[in-house]
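K.L.:
One structure, pasted below without further comment.
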Amino acid sequence: MKSPYDVVHSVLITEKGTNLADNYNKYLFKVNPQCNKIEVKRAIEMIFDDVKVSTVNIMNVLGKKKRMRSSRMGKRPDWKKAVVTLSEGSIELL
């Protein structure tokens, strides 16, 4: 079994994410690209006490293409984002 910290890498703190947290009780997380919704739900409930997860939505985010020092093009890595809706409790950000 994976550790909860192997599934959830970090909390994404953005302007859109803080609006979702304030208005709809939804939080954004950067998660492991090989995990699924069930693993994310279990990991969030284990990491944060007194939190009950209602739904989890996951999306794959493609890495941006960036120009290297020469004329070649490089690419940032792809990653996975999870939007977690809480039915009970809240997560203290900062």
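By order in the structure tokens, chains are A, B, ...; within a chain, residues start at 1; ligands start at 1, following the order shown.
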Name the residues in contact with stretch 29-34 of chain A at a cut-off of 9 Å, using only C-alpha atoms, excluding same-chain residues fewer than 6 positions from it; report them as a list in words.
P.N.:
Asp6, Val7, Val8, His9, Ser10, Val11, Leu12, Ile13, Val40, Asn60, Asp78, Trp79, Lys80, Lys81, Ala82, Val83 and Val84 of chain A
K.L.:
For the selection just defined, write its residues with C-alpha atoms to a file, as a tab-separated table (two decimals), in the first residue's frame.
P.N.:
```
chain	number	residue	atom	x	y	z
A	6	ASP	CA	3.39	9.28	-1.90
A	7	VAL	CA	-0.06	9.98	-3.39
A	8	VAL	CA	-0.46	13.68	-2.49
A	9	HIS	CA	2.59	15.78	-3.34
A	10	SER	CA	1.45	19.29	-2.40
A	11	VAL	CA	-1.44	21.70	-2.00
A	12	LEU	CA	-1.82	24.11	-4.92
A	13	ILE	CA	-2.33	27.65	-3.68
A	40	VAL	CA	-6.54	10.34	-3.44
A	60	ASN	CA	-4.00	15.48	-16.35
A	78	ASP	CA	3.30	16.38	-17.27
A	79	TRP	CA	1.52	16.22	-13.89
A	80	LYS	CA	-1.85	15.43	-12.36
A	81	LYS	CA	-4.18	17.79	-10.48
A	82	ALA	CA	-6.97	16.76	-8.10
A	83	VAL	CA	-9.93	18.92	-7.06
A	84	VAL	CA	-11.22	17.57	-3.74
```
K.L.:
Write out as a ChimeraX atom specification the set of residues from chain A that DSSP, computed on the backbone, places in strand (DSSP E).
P.N.:
/A:8-11,26-31,52-61,65-67,73-75,79-88
K.L.:
Taking N, CA and C atoms for each residue, export the selection above as a short mmCIF file (atom, residue, chain, number, x, y, z; two decimals), in the first residue's frame.
P.N.:
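Done, and the output landed in again_24.cif:
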```cif
data_model
loop_
_atom_site.label_atom_id
_atom_site.label_comp_id
_atom_site.auth_asym_id
_atom_site.auth_seq_id
_atom_site.Cartn_x
_atom_site.Cartn_y
_atom_site.Cartn_z
N VAL A 8 -0.26 12.23 -2.45
CA VAL A 8 -0.46 13.68 -2.49
C VAL A 8 0.89 14.36 -2.35
N HIS A 9 1.29 15.11 -3.38
CA HIS A 9 2.59 15.78 -3.34
C HIS A 9 2.51 17.12 -2.63
N SER A 10 1.54 17.97 -3.00
CA SER A 10 1.45 19.29 -2.40
C SER A 10 0.07 19.88 -2.60
N VAL A 11 -0.22 20.91 -1.84
CA VAL A 11 -1.44 21.70 -2.00
C VAL A 11 -1.12 22.82 -2.99
N LYS A 26 -13.78 23.47 -1.87
CA LYS A 26 -13.01 22.61 -2.78
C LYS A 26 -11.55 23.02 -2.68
N TYR A 27 -10.66 22.02 -2.69
CA TYR A 27 -9.22 22.28 -2.54
C TYR A 27 -8.47 21.61 -3.69
N LEU A 28 -7.38 22.23 -4.13
CA LEU A 28 -6.56 21.73 -5.23
C LEU A 28 -5.29 21.09 -4.70
N PHE A 29 -4.94 19.93 -5.26
CA PHE A 29 -3.74 19.21 -4.86
C PHE A 29 -2.99 18.75 -6.09
N LYS A 30 -1.66 18.74 -5.99
CA LYS A 30 -0.82 18.11 -6.99
C LYS A 30 -0.59 16.68 -6.53
N VAL A 31 -0.96 15.69 -7.36
CA VAL A 31 -0.92 14.30 -6.94
C VAL A 31 -0.04 13.48 -7.87
N LYS A 52 -13.88 14.92 5.87
CA LYS A 52 -14.62 13.90 5.13
C LYS A 52 -14.70 14.35 3.67
N VAL A 53 -14.18 13.54 2.75
CA VAL A 53 -14.14 13.87 1.33
C VAL A 53 -15.44 13.43 0.68
N SER A 54 -16.07 14.35 -0.04
CA SER A 54 -17.31 14.05 -0.74
C SER A 54 -17.02 13.52 -2.16
N THR A 55 -16.31 14.32 -2.97
CA THR A 55 -15.98 13.91 -4.34
C THR A 55 -14.54 14.28 -4.66
N VAL A 56 -13.98 13.60 -5.65
CA VAL A 56 -12.64 13.88 -6.16
C VAL A 56 -12.72 13.94 -7.68
N ASN A 57 -12.25 15.04 -8.24
CA ASN A 57 -12.13 15.17 -9.69
C ASN A 57 -10.65 15.29 -10.02
N ILE A 58 -10.20 14.52 -11.02
CA ILE A 58 -8.79 14.47 -11.38
C ILE A 58 -8.62 14.87 -12.84
N MET A 59 -7.55 15.64 -13.11
CA MET A 59 -7.25 16.00 -14.49
C MET A 59 -5.75 15.91 -14.73
N ASN A 60 -5.39 15.52 -15.94
CA ASN A 60 -4.00 15.48 -16.35
C ASN A 60 -3.63 16.84 -16.93
N VAL A 61 -2.52 17.40 -16.48
CA VAL A 61 -2.06 18.70 -16.95
C VAL A 61 -0.80 18.45 -17.79
N LYS A 65 5.69 23.66 -23.38
CA LYS A 65 6.89 23.61 -24.21
C LYS A 65 7.69 24.87 -23.96
N LYS A 66 8.98 24.70 -23.74
CA LYS A 66 9.86 25.82 -23.44
C LYS A 66 11.07 25.77 -24.36
N ARG A 67 11.56 26.95 -24.73
CA ARG A 67 12.74 27.03 -25.58
C ARG A 67 13.98 26.90 -24.70
N MET A 73 13.65 22.91 -28.70
CA MET A 73 12.51 23.07 -27.79
C MET A 73 12.57 21.98 -26.72
N GLY A 74 12.30 22.36 -25.51
CA GLY A 74 12.22 21.43 -24.40
C GLY A 74 10.78 21.36 -23.91
N LYS A 75 10.54 20.56 -22.88
CA LYS A 75 9.19 20.41 -22.36
C LYS A 75 9.25 20.16 -20.87
N TRP A 79 1.86 16.49 -15.28
CA TRP A 79 1.52 16.22 -13.89
C TRP A 79 0.01 16.07 -13.76
N LYS A 80 -0.44 15.69 -12.59
CA LYS A 80 -1.85 15.43 -12.36
C LYS A 80 -2.36 16.32 -11.23
N LYS A 81 -3.56 16.90 -11.45
CA LYS A 81 -4.18 17.79 -10.48
C LYS A 81 -5.48 17.16 -9.99
N ALA A 82 -5.74 17.27 -8.68
CA ALA A 82 -6.97 16.76 -8.10
C ALA A 82 -7.73 17.90 -7.44
N VAL A 83 -9.04 17.98 -7.72
CA VAL A 83 -9.93 18.92 -7.06
C VAL A 83 -10.78 18.11 -6.08
N VAL A 84 -10.59 18.36 -4.79
CA VAL A 84 -11.22 17.57 -3.74
C VAL A 84 -12.31 18.42 -3.08
N THR A 85 -13.55 17.89 -3.08
CA THR A 85 -14.67 18.56 -2.42
C THR A 85 -14.88 17.91 -1.07
N LEU A 86 -14.95 18.74 -0.02
CA LEU A 86 -15.12 18.23 1.34
C LEU A 86 -16.57 18.39 1.77
N SER A 87 -17.11 17.36 2.43
CA SER A 87 -18.45 17.46 2.98
C SER A 87 -18.42 17.89 4.44
N GLU A 88 -17.37 17.49 5.15
CA GLU A 88 -17.21 17.87 6.56
C GLU A 88 -15.79 18.37 6.79
#
```
K.L.:
Measuring between only C-alpha atoms, which one of A:Asn25, A:Arg69, A:Cys35, A:Leu62 shows the shortest distance to A:Ile91?
P.N.:
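Ranked by minimum distance to A:Ile91, first place goes to A:Asn25.
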K.L.:
Kindly indicate which residue among A:Val51, A:Leu93, A:Met46, A:Ile38 lies nearest to A:Thr14, using only C-alpha atoms for the distances.
P.N.:
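For A:Thr14, the nearest of the given residues is A:Leu93.
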